[in-house]
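Everything below concerns the one structure shown next.
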Amino acid sequence: MGRLRLAMFTPLPPQPTGVGDYMRDLLPALIALADVDVFIDDYAHDATSVPAPCGVYPHREFLVRRADAPYDCVIYHLGNSPFHRYLYPYAARFPGVAVLHDHVLHHLLAGMAEEGGSGFYFREMAYNAGTTGVRAAWEALMTHTEVPFYQYPLNRRILDVSLGIAVHSDYLRTLIEKEAPEGPVARIPMGMPLPTVDGDPLALRAVLRIPPARFVVGSFGQATAQKRIPQVLQAVAGLASRGADIHYLIVGSVGAELDVLTTVERLGLQGRVTVTGYVDETTFNACLQAVNVCVNLRYPTAGETSAAALRCMAAGRPTIVTGVGANLEFADEACLKLPAGPQEVPMLERVLQALLDAPEARQHLGRGARAYVQREHSLAAAASGMASFVERCLSPGQLGAEKETYSPSPLLKEVAERLNSVGVTAQEVPLMADLARALVFVDGTTDHSTALSGAAL
């Protein structure tokens with residue numbers, strides 16, 4: 001097979017998302033193997049993050065460029081965050097290879113429903129979970145509660161239409177193979193660069209006003225409740241109360257659900273916690289060198305492979321993760337795995353205290369972490385694996401002409417039947433009429449640009 005011509009939908013820096021940072025690192029290795037055009041959402045990307053031979057275009061240009069010079073395949077990088085909203089309608093309509101960075105896409109689709117109306121959400125719940133899903137969505141709507149996101153991954157449409165599914169762990173590969181046994185699924189290692197480790201950690205500590213001799217614990221990437229930030233704060237407070245000279249550095253944007261300042265004040269951690277917000281790559285790597293230990297917990301898991309944890313390990317930092325999901329595949333010599341559960345905080349305290357008391361153990365763990373990433377997570381292997389999997393997913397008849405699949409006509413009937421089975425009352429009929437009109441997120445027109453303009457939820 002000749003050199004592939006690929007279209008790729010993915011966020012890029014400066015959007016504050018780990019997937020964008022990952023693509024910044026992977027693209028140079030990938031364009032050595034294929035010609036790549038990247039289609040992004042409505043923002044100005046950081047041109048320095050994309051190698052020169054790679055074209056970057058607004059997503060609305062995809063149809064025109066595809067018509068002028070067809071792509072062999074489209075690659076969609078799908079994650080469970082708002083930064084992937086723009087690409088979901090394309091992935092549903094123009095099947096390609098989907099790279100699932102998360103097993104659960106429910107938060108993504110729920111966010112799209114907030115912008116596009118409840119009809120879209122009902123349609124996806126019906127498609128993914130049938131009557132049970134519609135009932136759960138209806139009850140949540142009527143009671144102003146939230147559907148249990150992790151119970152309904154809402155990934156079925158992507159699994160059904162995609163030419164193939166690429167994932168970063170055997171954990172997620174096994175889940176997908178059970179849910180979609182008919183389609184090709186491949187584990188492709190998440191590639192990670194090895195940053196230089198010869199910086200001056202004290203220089204950044206001075207900038208951040210962290211005492212030079214203080215034991216610094218760091219968490220990297222977007223700070224959310226699932227990243228167990230409140231629990232890490234509790235563990236730091238416990239150690240500080242027993243006399244440890246400890247500091248907590250949070251590097252990344254903070255989720256709206258977290259009130260870090262209030263928690264810091266409640267725990268008496270004033271002067272011991274620093275939050276940087278989103279930072280660029282250079283500052284991120286400098287912060288890695290400024291910490292003694294990285295704590296990148298995650299529970300519950302959405303099936304992700306933590307790029308933030310791999311960045312910590314690649315920098316040679318001793319790293320603590322939650323021992324669930326894909327994290328269990330990290331080599332034992334590369335990180336410490338903390339069980340999830342009610343003993344999480346006291347166990348984290350004990351582990352941090354042990355690492356504080358044993359600098360040689362920290363150095364040994366850091367060396368093992370860096371060697372593991374170099375051995376198992378090279379960017380060259382990730383790019384080669386992706387190119388090979390795309391070739392595997394393409395039959396000769398599909399090259400240069402991606403398959404289109406979309407038929408909106410059965411949707412209204414399907415959802416009407418689902419709602420009827422749930423039991424819609426006469427008083428609710430006007431609401432259902434509005435819901436039905438909102439269900440089709442593309443309008444069925446043969447004009448692709450018009451149809452997809454309605455998909456920009």
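Note on naming: chains are A, B, ... as they come in the structure tokens, residues start from 1 per chain, ligands start from 1 in the order shown.
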Residues within 6 Å of range 36-45 of chain A, please, as an NGL selection string. Count only C-alpha atoms; anything in the same chain fewer than 3 positions from it doesn't count.
:A and (6-9 or 11 or 13 or 54-59)
As a list of chain:residue names, which residues of range 153-244 of chain A does DSSP assign to strand (DSSP E)?
A:Gly164, A:Ile165, A:Ala166, A:Val167, A:Val185, A:Ala186, A:Arg187, A:Phe215, A:Val216, A:Val217, A:Gly218, A:Ser219, A:Phe220
Could you tell me which of A:Thr10, A:Ser118, A:Thr143, A:Gln353 comes closest to His84 in chain A if we count only C-alpha atoms?
A:Thr10
Neighbours of Val291 in chain A within 9 Å (only C-alpha atoms; same-chain residues fewer than 3 positions away dropped), as a ChimeraX atom specification?
/A:201,205,215-218,248-249,287-288,294,317
For each of A:Pro95, A:Pro153, A:Pro28, A:Gly316, take the minimum atom-to-atom distance to Met125 in chain A, counting only C-alpha atoms, then give the residue where this is smallest.
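The answer is A:Pro153, which sits nearest to Met125 in chain A.
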Which residue, A:Glu344, A:Glu360, A:Glu304, A:Asp21, has the smallest gap to Gly325 in chain A when you use only C-alpha atoms?
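The closest residue to Gly325 in chain A is A:Glu304.
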Please provide the set of residues having any atom within 10 Å of range 375-381 of chain A, restricted to only C-alpha atoms, with same-chain residues fewer than 5 positions apart removed, written as a PyMOL selection string.
chain A and resi 22+25-30+32-33+188-194+310+314+330-331+369-370+386-387
Based on the selection just made, write C-alpha atoms of those residues as a PDB file, in the first residue's frame.
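Okay, this is what ended up in out_37.pdb:
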ATOM      1  CA  TYR A  22      -0.609  14.213  22.948  1.00  0.00           C
ATOM      2  CA  ASP A  25       3.871  15.105  20.366  1.00  0.00           C
ATOM      3  CA  LEU A  26       2.622  12.378  18.007  1.00  0.00           C
ATOM      4  CA  LEU A  27       2.154  14.327  14.765  1.00  0.00           C
ATOM      5  CA  PRO A  28       5.879  14.667  13.908  1.00  0.00           C
ATOM      6  CA  ALA A  29       6.251  10.882  14.047  1.00  0.00           C
ATOM      7  CA  LEU A  30       3.001  10.272  12.154  1.00  0.00           C
ATOM      8  CA  ALA A  32       6.895  10.634   8.583  1.00  0.00           C
ATOM      9  CA  LEU A  33       4.574   7.785   7.587  1.00  0.00           C
ATOM     10  CA  ILE A 188      -1.764   1.073  20.170  1.00  0.00           C
ATOM     11  CA  PRO A 189       0.601   2.282  22.892  1.00  0.00           C
ATOM     12  CA  MET A 190       0.307   5.920  23.879  1.00  0.00           C
ATOM     13  CA  GLY A 191       3.569   7.467  22.784  1.00  0.00           C
ATOM     14  CA  MET A 192       5.264   9.854  25.165  1.00  0.00           C
ATOM     15  CA  PRO A 193       8.354  12.052  24.694  1.00  0.00           C
ATOM     16  CA  LEU A 194      11.150  11.942  27.230  1.00  0.00           C
ATOM     17  CA  LEU A 310       2.888   8.875  31.657  1.00  0.00           C
ATOM     18  CA  ALA A 314       8.707  10.015  31.457  1.00  0.00           C
ATOM     19  CA  PHE A 330       1.810   0.102  34.014  1.00  0.00           C
ATOM     20  CA  ALA A 331       4.883  -1.863  35.055  1.00  0.00           C
ATOM     21  CA  ALA A 369       9.519   4.997  35.487  1.00  0.00           C
ATOM     22  CA  ARG A 370      11.556   6.769  32.818  1.00  0.00           C
ATOM     23  CA  MET A 386      -1.603   3.801  14.031  1.00  0.00           C
ATOM     24  CA  ALA A 387      -0.517   3.717  10.385  1.00  0.00           C
TER      25      ALA A 387
END
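Among the candidates A:Arg266, A:His144, A:Arg93, A:His101, the residue lying nearest to Arg157 in chain A is A:Arg93 (atoms considered: only C-alpha atoms).
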What's the separation between CA of Ala91 in chain A and CA of Leu78 in chain A, in Å to one decimal place?
9.0 Å
